[in-house]
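Pasting upload36.cif here (mmCIF, C-alpha atoms):
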```
data_target
#
loop_
_atom_site.label_atom_id
_atom_site.label_comp_id
_atom_site.auth_asym_id
_atom_site.auth_seq_id
_atom_site.Cartn_x
_atom_site.Cartn_y
_atom_site.Cartn_z
CA MET A 172 -23.52 -8.54 27.18
CA ARG A 173 -24.99 -9.00 23.73
CA THR A 174 -26.88 -12.09 22.73
CA ILE A 175 -25.54 -14.66 20.29
CA PRO A 176 -25.60 -15.94 17.64
CA VAL A 177 -24.82 -13.05 15.33
CA ASN A 178 -27.22 -12.77 12.42
CA VAL A 179 -25.63 -12.40 8.98
CA ALA A 180 -26.62 -12.75 5.33
CA ILE A 181 -24.89 -14.40 2.39
CA VAL A 182 -24.75 -13.07 -1.16
CA GLY A 183 -23.82 -15.22 -4.16
CA LEU A 184 -25.52 -18.60 -3.77
CA GLY A 185 -23.23 -20.97 -5.63
CA ARG A 186 -21.23 -23.98 -4.47
CA TRP A 187 -19.06 -22.12 -2.00
CA ALA A 188 -22.04 -20.42 -0.38
CA LYS A 189 -23.37 -23.89 0.38
CA VAL A 190 -20.05 -24.97 1.93
CA LEU A 191 -19.96 -21.92 4.21
CA THR A 192 -23.64 -22.13 5.11
CA ARG A 193 -23.26 -25.75 6.18
CA ALA A 194 -20.26 -24.72 8.30
CA ALA A 195 -22.25 -21.89 9.90
CA GLN A 196 -25.07 -24.29 10.73
CA GLN A 197 -22.61 -26.21 12.94
CA SER A 198 -21.92 -23.10 15.04
CA ASP A 199 -23.87 -21.50 17.85
CA ARG A 200 -22.09 -18.17 17.31
CA ILE A 201 -23.27 -17.23 13.83
CA ARG A 202 -26.56 -17.66 11.98
CA ILE A 203 -27.14 -17.05 8.28
CA VAL A 204 -30.68 -15.65 8.18
CA SER A 205 -30.94 -14.39 4.61
CA GLY A 206 -29.45 -15.03 1.18
CA PHE A 207 -29.46 -13.32 -2.18
CA SER A 208 -28.56 -14.11 -5.77
CA ARG A 209 -29.57 -12.29 -8.92
CA SER A 210 -30.89 -15.65 -10.09
CA GLU A 211 -34.37 -16.42 -8.81
CA GLU A 212 -33.74 -20.09 -9.56
CA LYS A 213 -30.66 -20.11 -7.29
CA ARG A 214 -32.53 -18.25 -4.54
CA THR A 215 -35.32 -20.81 -4.58
CA ALA A 216 -32.95 -23.79 -4.71
CA PHE A 217 -30.76 -22.43 -1.90
CA GLU A 218 -33.72 -21.83 0.38
CA LYS A 219 -35.10 -25.29 -0.33
CA GLU A 220 -31.78 -27.08 0.23
CA LEU A 221 -30.40 -25.15 3.21
CA GLY A 222 -33.44 -23.48 4.75
CA VAL A 223 -32.08 -19.95 4.39
CA PRO A 224 -34.82 -17.46 3.42
CA ALA A 225 -34.08 -15.58 0.22
CA ALA A 226 -34.30 -11.80 -0.09
CA PRO A 227 -35.83 -10.54 -3.35
CA ASP A 228 -33.11 -7.90 -3.79
CA MET A 229 -30.07 -6.33 -2.11
CA LYS A 230 -32.05 -3.34 -0.87
CA THR A 231 -34.34 -5.61 1.11
CA LEU A 232 -31.45 -7.68 2.45
CA LEU A 233 -29.39 -4.67 3.53
CA GLY A 234 -32.46 -2.97 4.99
CA ASN A 235 -32.97 -5.77 7.49
CA PRO A 236 -31.87 -4.32 10.87
CA GLU A 237 -31.30 -7.79 12.34
CA ILE A 238 -28.46 -8.47 9.89
CA GLU A 239 -25.09 -7.28 11.21
CA GLY A 240 -22.78 -8.59 8.52
CA VAL A 241 -22.79 -9.96 5.00
CA ILE A 242 -20.78 -12.88 3.57
CA LEU A 243 -19.78 -12.34 -0.07
CA THR A 244 -19.23 -15.44 -2.20
CA VAL A 245 -19.56 -13.62 -5.51
CA PRO A 246 -16.99 -13.68 -8.37
CA ASN A 247 -13.71 -11.91 -7.56
CA GLU A 248 -14.37 -8.95 -9.86
CA GLN A 249 -17.56 -8.17 -7.94
CA HIS A 250 -15.95 -8.04 -4.50
CA LEU A 251 -15.32 -4.27 -4.41
CA ALA A 252 -18.72 -3.17 -5.69
CA MET A 253 -20.56 -5.53 -3.34
CA ALA A 254 -18.35 -4.69 -0.35
CA GLU A 255 -18.98 -0.97 -0.92
CA GLN A 256 -22.72 -1.57 -1.00
CA VAL A 257 -22.62 -3.60 2.20
CA ALA A 258 -20.32 -1.16 4.01
CA ARG A 259 -22.49 1.84 3.08
CA SER A 260 -25.37 0.12 4.85
CA GLY A 261 -23.25 -0.02 8.02
CA LYS A 262 -22.87 -3.80 7.99
CA HIS A 263 -19.63 -5.72 8.38
CA VAL A 264 -18.06 -7.41 5.36
CA TYR A 265 -16.76 -10.95 4.88
CA THR A 266 -15.31 -11.63 1.45
CA GLU A 267 -13.91 -14.87 0.15
CA LYS A 268 -10.25 -14.95 -0.82
CA PRO A 269 -8.74 -13.23 -2.67
CA ILE A 270 -9.86 -9.98 -1.12
CA ALA A 271 -10.46 -8.67 -4.65
CA GLN A 272 -9.72 -9.26 -8.32
CA THR A 273 -6.94 -6.65 -8.20
CA LEU A 274 -4.68 -5.23 -5.50
CA GLU A 275 -6.09 -1.81 -6.31
CA ASP A 276 -9.60 -3.01 -5.49
CA GLY A 277 -8.29 -4.78 -2.39
CA LEU A 278 -6.83 -1.57 -0.99
CA LYS A 279 -10.13 0.19 -1.66
CA ILE A 280 -11.96 -2.54 0.25
CA ALA A 281 -9.54 -2.11 3.17
CA ALA A 282 -10.32 1.63 3.18
CA LEU A 283 -14.02 0.89 3.74
CA GLU A 284 -13.26 0.10 7.38
CA LYS A 285 -12.37 3.69 8.30
CA LEU A 286 -14.75 5.23 5.79
CA HIS A 287 -17.84 3.46 7.12
CA GLY A 288 -16.79 2.23 10.58
CA ILE A 289 -17.09 -1.45 9.72
CA THR A 290 -14.71 -4.41 9.69
CA VAL A 291 -13.53 -6.49 6.75
CA THR A 292 -12.81 -10.21 7.13
CA VAL A 293 -11.06 -12.09 4.31
CA GLY A 294 -11.57 -15.85 4.00
CA HIS A 295 -7.97 -17.06 4.08
CA SER A 296 -9.07 -20.16 5.94
CA ALA A 297 -5.99 -22.32 5.30
CA ARG A 298 -4.11 -20.59 8.13
CA LEU A 299 -6.81 -21.89 10.49
CA MET A 300 -6.19 -25.59 9.84
CA ALA A 301 -5.30 -27.47 13.01
CA GLY A 302 -1.93 -28.57 11.62
CA ILE A 303 -0.93 -25.02 10.67
CA ARG A 304 -1.90 -23.71 14.12
CA ILE A 305 0.14 -26.43 15.83
CA ILE A 306 3.19 -25.62 13.69
CA LYS A 307 2.79 -21.94 14.63
CA GLU A 308 2.65 -22.88 18.31
CA HIS A 309 5.87 -24.90 17.99
CA ILE A 310 7.64 -22.06 16.18
CA ASP A 311 6.56 -19.51 18.79
CA ALA A 312 7.61 -21.81 21.64
CA GLY A 313 11.09 -22.21 20.14
CA ALA A 314 10.67 -25.97 19.66
CA LEU A 315 12.16 -25.78 16.16
CA GLY A 316 14.97 -23.40 17.08
CA ARG A 317 15.74 -20.70 14.55
CA VAL A 318 13.53 -21.27 11.53
CA ALA A 319 15.52 -20.75 8.34
CA PHE A 320 13.49 -22.30 5.54
CA MET A 321 9.88 -23.14 4.61
CA GLU A 322 8.31 -24.90 1.70
CA ALA A 323 4.70 -25.31 0.67
CA ASN A 324 2.73 -26.79 -2.18
CA PHE A 325 -0.89 -26.54 -3.24
CA SER A 326 -1.72 -28.39 -6.43
CA ASN A 327 -4.68 -29.99 -8.19
CA GLU A 328 -5.88 -31.04 -11.63
CA ARG A 329 -8.05 -27.98 -12.42
CA ALA A 330 -6.12 -26.95 -15.58
CA LEU A 331 -7.02 -30.27 -17.21
CA GLU A 332 -10.72 -29.40 -16.82
CA LEU A 333 -10.68 -25.84 -18.16
CA THR A 334 -12.81 -24.80 -21.14
CA PRO A 335 -13.41 -21.37 -22.72
CA GLN A 336 -16.70 -21.30 -20.78
CA THR A 337 -14.89 -21.32 -17.41
CA TRP A 338 -13.57 -18.04 -16.01
CA ARG A 339 -10.28 -19.60 -14.93
CA TRP A 340 -9.40 -20.09 -18.64
CA TYR A 341 -8.59 -16.38 -19.01
CA LYS A 342 -5.47 -14.47 -17.91
CA ASP A 343 -7.35 -11.36 -16.83
CA ARG A 344 -9.67 -13.34 -14.54
CA ALA A 345 -7.22 -15.92 -13.15
CA PRO A 346 -3.78 -14.27 -13.54
CA GLY A 347 -0.99 -16.80 -13.28
CA GLY A 348 -3.45 -19.69 -13.12
CA PRO A 349 -2.58 -21.67 -9.97
CA LEU A 350 -0.45 -18.77 -8.77
CA SER A 351 -3.53 -16.65 -8.01
CA GLN A 352 -5.95 -19.52 -7.41
CA LEU A 353 -3.95 -21.93 -5.22
CA ALA A 354 -0.53 -20.54 -4.27
CA ILE A 355 -2.19 -17.47 -2.76
CA HIS A 356 -3.42 -19.72 0.09
CA GLN A 357 0.15 -20.74 0.83
CA PHE A 358 1.45 -17.17 0.57
CA ASP A 359 -0.90 -16.30 3.43
CA VAL A 360 0.10 -19.39 5.42
CA LEU A 361 3.82 -18.62 5.09
CA HIS A 362 3.13 -14.98 5.96
CA LEU A 363 1.56 -16.28 9.19
CA LEU A 364 4.37 -18.74 9.96
CA GLY A 365 7.34 -16.73 8.73
CA GLY A 366 6.45 -13.09 9.23
CA GLU A 367 6.75 -10.24 6.74
CA ILE A 368 7.72 -11.16 3.19
CA ALA A 369 10.35 -8.90 1.65
CA GLU A 370 10.61 -10.10 -1.96
CA VAL A 371 9.84 -12.94 -4.34
CA SER A 372 11.19 -14.48 -7.51
CA SER A 373 8.90 -16.58 -9.67
CA THR A 374 8.72 -18.63 -12.83
CA ALA A 375 5.81 -20.28 -14.60
CA SER A 376 5.00 -22.62 -17.47
CA LYS A 377 2.06 -23.81 -19.55
CA LEU A 378 1.88 -27.59 -19.99
CA SER A 379 -1.80 -28.50 -19.94
CA PRO A 380 -3.03 -29.81 -23.31
CA VAL A 381 -6.38 -27.97 -23.14
CA GLY A 382 -5.01 -24.68 -24.53
CA ALA A 383 -6.16 -22.21 -21.87
CA GLU A 384 -4.69 -18.69 -21.74
CA VAL A 385 -3.33 -19.10 -18.23
CA ASP A 386 -0.10 -20.68 -17.09
CA ASP A 387 -0.64 -23.94 -15.23
CA GLN A 388 2.68 -24.46 -13.39
CA SER A 389 4.10 -22.02 -10.85
CA MET A 390 7.24 -21.86 -8.65
CA THR A 391 7.90 -18.92 -6.32
CA THR A 392 10.86 -18.41 -3.99
CA ILE A 393 10.39 -16.10 -1.04
CA ARG A 394 12.81 -14.04 1.03
CA PHE A 395 11.41 -12.96 4.38
CA THR A 396 12.37 -9.69 6.03
CA ASP A 397 14.45 -11.52 8.67
CA GLY A 398 16.42 -13.42 6.01
CA LYS A 399 14.75 -16.82 6.09
CA LEU A 400 13.83 -18.34 2.74
CA GLY A 401 10.72 -20.07 1.46
CA TYR A 402 9.29 -21.75 -1.57
CA VAL A 403 5.72 -22.17 -2.85
CA GLY A 404 4.96 -24.54 -5.71
CA SER A 405 1.69 -25.13 -7.51
CA CYS A 406 0.97 -27.63 -10.27
CA TRP A 407 -2.44 -27.38 -11.94
CA THR A 408 -2.17 -30.68 -13.78
CA SER A 409 -1.73 -33.22 -10.97
CA PRO A 410 -3.70 -34.90 -8.20
CA GLY A 411 -4.58 -32.57 -5.34
CA ILE A 412 -2.15 -31.89 -2.50
CA PHE A 413 -1.76 -29.29 0.25
CA SER A 414 1.45 -29.53 2.26
CA VAL A 415 3.68 -27.31 4.40
CA ARG A 416 7.15 -28.04 5.77
CA VAL A 417 9.13 -25.86 8.16
CA PHE A 418 12.88 -26.29 8.84
CA GLY A 419 14.58 -25.05 12.01
CA SER A 420 17.90 -25.54 13.78
CA LYS A 421 16.34 -27.86 16.37
CA GLY A 422 13.82 -29.68 14.23
CA LEU A 423 11.49 -29.72 11.26
CA MET A 424 7.74 -30.16 10.95
CA HIS A 425 5.68 -31.49 8.07
CA TYR A 426 1.90 -31.16 7.57
CA GLU A 427 -0.12 -32.65 4.74
CA ILE A 428 -3.84 -33.08 4.20
CA ASP A 429 -6.02 -35.18 1.98
CA PHE A 430 -7.18 -32.57 -0.54
CA GLY A 431 -10.32 -34.62 -1.15
CA THR A 432 -11.64 -33.45 2.24
CA TRP A 433 -11.09 -29.72 1.58
CA ASP A 434 -14.83 -29.02 1.39
CA THR A 435 -15.46 -31.02 4.57
CA PRO A 436 -12.72 -29.76 6.90
CA HIS A 437 -14.22 -31.38 10.00
CA LEU A 438 -12.94 -34.63 8.47
CA LEU A 439 -9.40 -33.38 7.73
CA HIS A 440 -7.90 -34.86 10.89
CA LYS A 441 -8.89 -38.37 9.78
CA ALA A 442 -6.70 -38.34 6.68
CA SER A 443 -3.92 -35.85 7.41
CA THR A 444 -0.42 -36.15 8.81
CA LEU A 445 1.64 -33.93 11.06
CA TYR A 446 5.04 -34.87 12.41
CA ILE A 447 8.09 -33.32 14.01
CA GLN A 448 11.63 -34.55 13.44
CA ARG A 449 14.02 -33.34 16.14
CA GLY A 450 17.73 -32.58 16.26
CA LYS A 451 19.84 -35.14 14.45
CA ASP A 452 17.12 -37.78 14.48
CA GLY A 453 16.43 -39.43 11.17
CA TRP A 454 13.19 -40.08 9.33
CA ALA A 455 12.54 -43.24 11.35
CA LYS A 456 12.43 -41.30 14.62
CA ARG A 457 9.99 -38.63 13.57
CA GLU A 458 7.17 -38.09 16.06
CA HIS A 459 3.62 -38.07 14.72
CA ILE A 460 1.42 -35.46 16.37
CA PRO A 461 -2.29 -36.30 16.76
CA LEU A 462 -4.53 -33.82 14.98
CA PRO A 463 -7.70 -32.70 16.73
CA GLU A 464 -10.97 -32.34 14.87
CA SER A 465 -11.40 -28.80 13.61
CA ASP A 466 -13.28 -26.87 10.93
CA MET A 467 -11.43 -23.99 9.29
CA PHE A 468 -14.59 -22.66 7.65
CA ARG A 469 -16.58 -22.62 10.86
CA ALA A 470 -13.59 -20.99 12.58
CA GLU A 471 -13.34 -18.16 10.05
CA LEU A 472 -17.09 -17.53 10.20
CA GLU A 473 -16.95 -17.39 13.99
CA MET A 474 -14.12 -14.85 13.71
CA PHE A 475 -16.36 -12.82 11.42
CA ALA A 476 -19.20 -13.09 13.94
CA GLU A 477 -16.92 -11.81 16.70
CA SER A 478 -15.95 -8.82 14.54
CA CYS A 479 -19.62 -8.11 13.87
CA ALA A 480 -20.28 -8.21 17.61
CA SER A 481 -17.24 -6.23 18.77
CA GLY A 482 -16.62 -3.92 15.83
CA LYS A 483 -12.94 -4.93 15.96
CA PRO A 484 -10.92 -6.64 13.19
CA ASN A 485 -9.93 -10.26 13.64
CA GLU A 486 -6.86 -12.15 12.43
CA LEU A 487 -8.24 -12.47 8.88
CA THR A 488 -7.63 -8.80 8.16
CA ALA A 489 -7.92 -6.82 4.97
CA HIS A 490 -4.21 -6.08 5.34
CA ASN A 491 -3.28 -9.77 5.38
CA GLY A 492 -5.57 -10.33 2.42
CA ASN A 493 -3.85 -7.57 0.49
CA VAL A 494 -0.37 -8.86 1.35
CA ALA A 495 -1.32 -12.20 -0.21
CA VAL A 496 -2.52 -10.45 -3.37
CA ALA A 497 0.61 -8.25 -3.42
CA VAL A 498 2.78 -11.38 -3.34
CA VAL A 499 0.83 -12.71 -6.34
CA TYR A 500 1.35 -9.41 -8.18
CA ALA A 501 5.05 -9.39 -7.35
CA ALA A 502 5.35 -12.99 -8.57
CA LEU A 503 3.58 -12.12 -11.83
CA ARG A 504 5.96 -9.18 -12.33
CA SER A 505 8.91 -11.47 -11.63
CA ILE A 506 7.65 -13.95 -14.24
CA ASP A 507 7.47 -11.15 -16.80
CA ARG A 508 11.04 -10.18 -15.86
CA LYS A 509 12.40 -13.72 -16.26
CA GLY A 510 12.69 -14.42 -12.54
CA GLN A 511 13.99 -11.06 -11.31
CA CYS A 512 13.35 -10.46 -7.61
CA VAL A 513 10.47 -8.08 -6.90
CA ARG A 514 9.94 -6.34 -3.56
CA ILE A 515 6.49 -6.62 -1.97
CA ALA A 516 6.78 -3.11 -0.53
CA ASP A 517 7.32 -1.69 -4.01
CA VAL A 518 4.17 -3.35 -5.32
CA LEU A 519 2.12 -2.11 -2.37
CA ASP A 520 3.54 1.42 -2.46
CA GLU A 521 2.95 1.79 -6.19
CA THR A 522 -0.63 0.60 -5.89
CA ARG A 523 -1.33 2.82 -2.87
CA ALA A 524 -0.02 5.81 -4.85
CA LYS A 525 -2.29 4.90 -7.75
CA VAL A 526 -5.34 4.58 -5.50
CA GLY A 527 -4.45 7.88 -3.81
CA SER A 528 -4.19 9.74 -7.12
CA GLN A 529 -7.54 8.35 -8.20
CA ALA A 530 -9.13 9.53 -4.96
CA ARG A 531 -7.68 13.04 -5.39
CA ALA A 532 -8.94 13.22 -8.96
CA ALA A 533 -12.45 12.08 -8.03
#
```

Turn the structure described in the file into structure tokens.
Amino acid sequence: MRTIPVNVAIVGLGRWAKVLTRAAQQSDRIRIVSGFSRSEEKRTAFEKELGVPAAPDMKTLLGNPEIEGVILTVPNEQHLAMAEQVARSGKHVYTEKPIAQTLEDGLKIAALEKLHGITVTVGHSARLMAGIRIIKEHIDAGALGRVAFMEANFSNERALELTPQTWRWYKDRAPGGPLSQLAIHQFDVLHLLGGEIAEVSSTASKLSPVGAEVDDQSMTTIRFTDGKLGYVGSCWTSPGIFSVRVFGSKGLMHYEIDFGTWDTPHLLHKASTLYIQRGKDGWAKREHIPLPESDMFRAELEMFAESCASGKPNELTAHNGNVAVAVVYAALRSIDRKGQCVRIADVLDETRAKVGSQARAA
């Protein structure tokens, strides 16, 4: 039996690296032993604040035999290049969501698993929230009967803060605005709760007064393979909210968190609500379900540690990460086509063909 914790490194030492490092420090299953940023100032500050030794360069970091995996919290467009570098060194890859800036890059990251014998973990942590897991348990146990409809929303005020100096201002870096930045979390959650997504129809609008390139309002309807329907909304000009509601023939469940605790998920249970409303009971008879303390970031990092130890993929797979991106791409195509339904399989198949032709030409 191997010893724990698993030693990993983290690359890209910005705000999110600090959030994940603090989560890892609460676990006895994973230990971040090295960090790297191209900025010497960030390396020094990170080591001083969080006690993680900084490597002078990627070669040194990847050459450390004690490191079994690398957490990437770099900008989306750097995910593929960094993942390739890590995978070539034989170390396992964790990349923040989305798996990559483009679906094409995401499929190439997924291919690294077979090419280099490593695993890829994608940080779609929202599916690990205690409320989402409890809803999934109720669905699987048949407590809601036949589920026919789901709705989700993830909104915040980010579009009101955008400037030309922020990367989210630009269409090519944040396509669809909240569609790719917020709704993608809910696409993954509904994929977990509802199963395979067949097609989507989407519309968007630009209402923020700041003048950014990106849309800032997004509505996407979803048809699942088994016929159930879903909806994901995202407003980028409102107070923050994250909510999920599932409707079944025997009952419905509603989960909502205080978005202000997103960066401190171990506190989510203190200001969140989860209830079930059964049969023909009205709102007044809904049953509130106590939420246990949990930490979605620690949970995802421990899944990554297990994959590093076992060499086997965990629930946060490259495939699931790519499905979420494919839904975004299908929604963007639907917006361009004035709401026409777009099949997820078509988007994936077309991109796989493109990646395959590039590989044959190389």

**OP:** Give as a list in words the residues that the PyMOL selection byres ((chain A and resi 395) around 8) matches when applied to the coordinates above.
**Re:** Gly365, Gly366, Glu367, Ile368, Ala369, Glu370, Ile393, Arg394, Thr396, Asp397, Gly398, Lys399, Leu400 and Gly401 of chain A

Subject >> Residue neighbourhood segment 433-449 of chain A, 7 Å, all atoms listed in the file, exclusion window fewer than 6 positions, as an MDAnalysis selection string >> reply: chainID A and resid 190 302 421:427 456:460 462:467

Original post:
Written as a ChimeraX atom specification, which residues does the PyMOL selection byres ((chain A and resi 225-228) around 6) give for the file shown?
Top reply: /A:205-207,214,224,229-232

Go ahead and save the residues from that selection, with C-alpha atoms, as a PDB file, in the frame of the given file.
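Output below, filename part-v6.pdb:
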```
ATOM      1  CA  SER A 205     -30.940 -14.390   4.610  1.00  0.00           C
ATOM      2  CA  GLY A 206     -29.450 -15.030   1.180  1.00  0.00           C
ATOM      3  CA  PHE A 207     -29.460 -13.320  -2.180  1.00  0.00           C
ATOM      4  CA  ARG A 214     -32.530 -18.250  -4.540  1.00  0.00           C
ATOM      5  CA  PRO A 224     -34.820 -17.460   3.420  1.00  0.00           C
ATOM      6  CA  MET A 229     -30.070  -6.330  -2.110  1.00  0.00           C
ATOM      7  CA  LYS A 230     -32.050  -3.340  -0.870  1.00  0.00           C
ATOM      8  CA  THR A 231     -34.340  -5.610   1.110  1.00  0.00           C
ATOM      9  CA  LEU A 232     -31.450  -7.680   2.450  1.00  0.00           C
TER      10      LEU A 232
END
```

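Distances to Glu332 of chain A were evaluated for A:Asp387, A:Val291, A:Leu286, A:Arg298 using only C-alpha atoms, and the minimum falls at A:Asp387.
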
Original post:
Where does the PyMOL selection byres ((chain A and resi 258-263) around 7) land in this file, that is, which residues does it pick, as a list in words?
Top reply: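 Selection result, ordered by chain and number: Leu233, Glu239, Gly240, Val241, Ala254, Glu255, Gln256, Val257, Val264, Tyr265, Leu283, His287, Ile289, Thr290, Val291 and Cys479 of chain A.
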
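In this comparison, which uses all atoms listed in the file, the residue of A:Gly382, A:Gly185, A:Gly222, A:Pro176 approaching Arg200 of chain A most closely is A:Pro176.
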
Subject >> Atom pair atom CA of Val403 of chain A / atom CA of Ile242 of chain A: separation (Å) >> reply: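 We find that atom CA of Val403 of chain A and atom CA of Ile242 of chain A lie 28.8 Å from each other.
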
Subject >> Among listed residues A:Gln388, A:Gln357, A:Thr273, A:Thr292, nearest Lys483 of chain A (using all atoms listed in the file) >> reply: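 With all atoms listed in the file as the atom set, the closest residue is A:Thr292.
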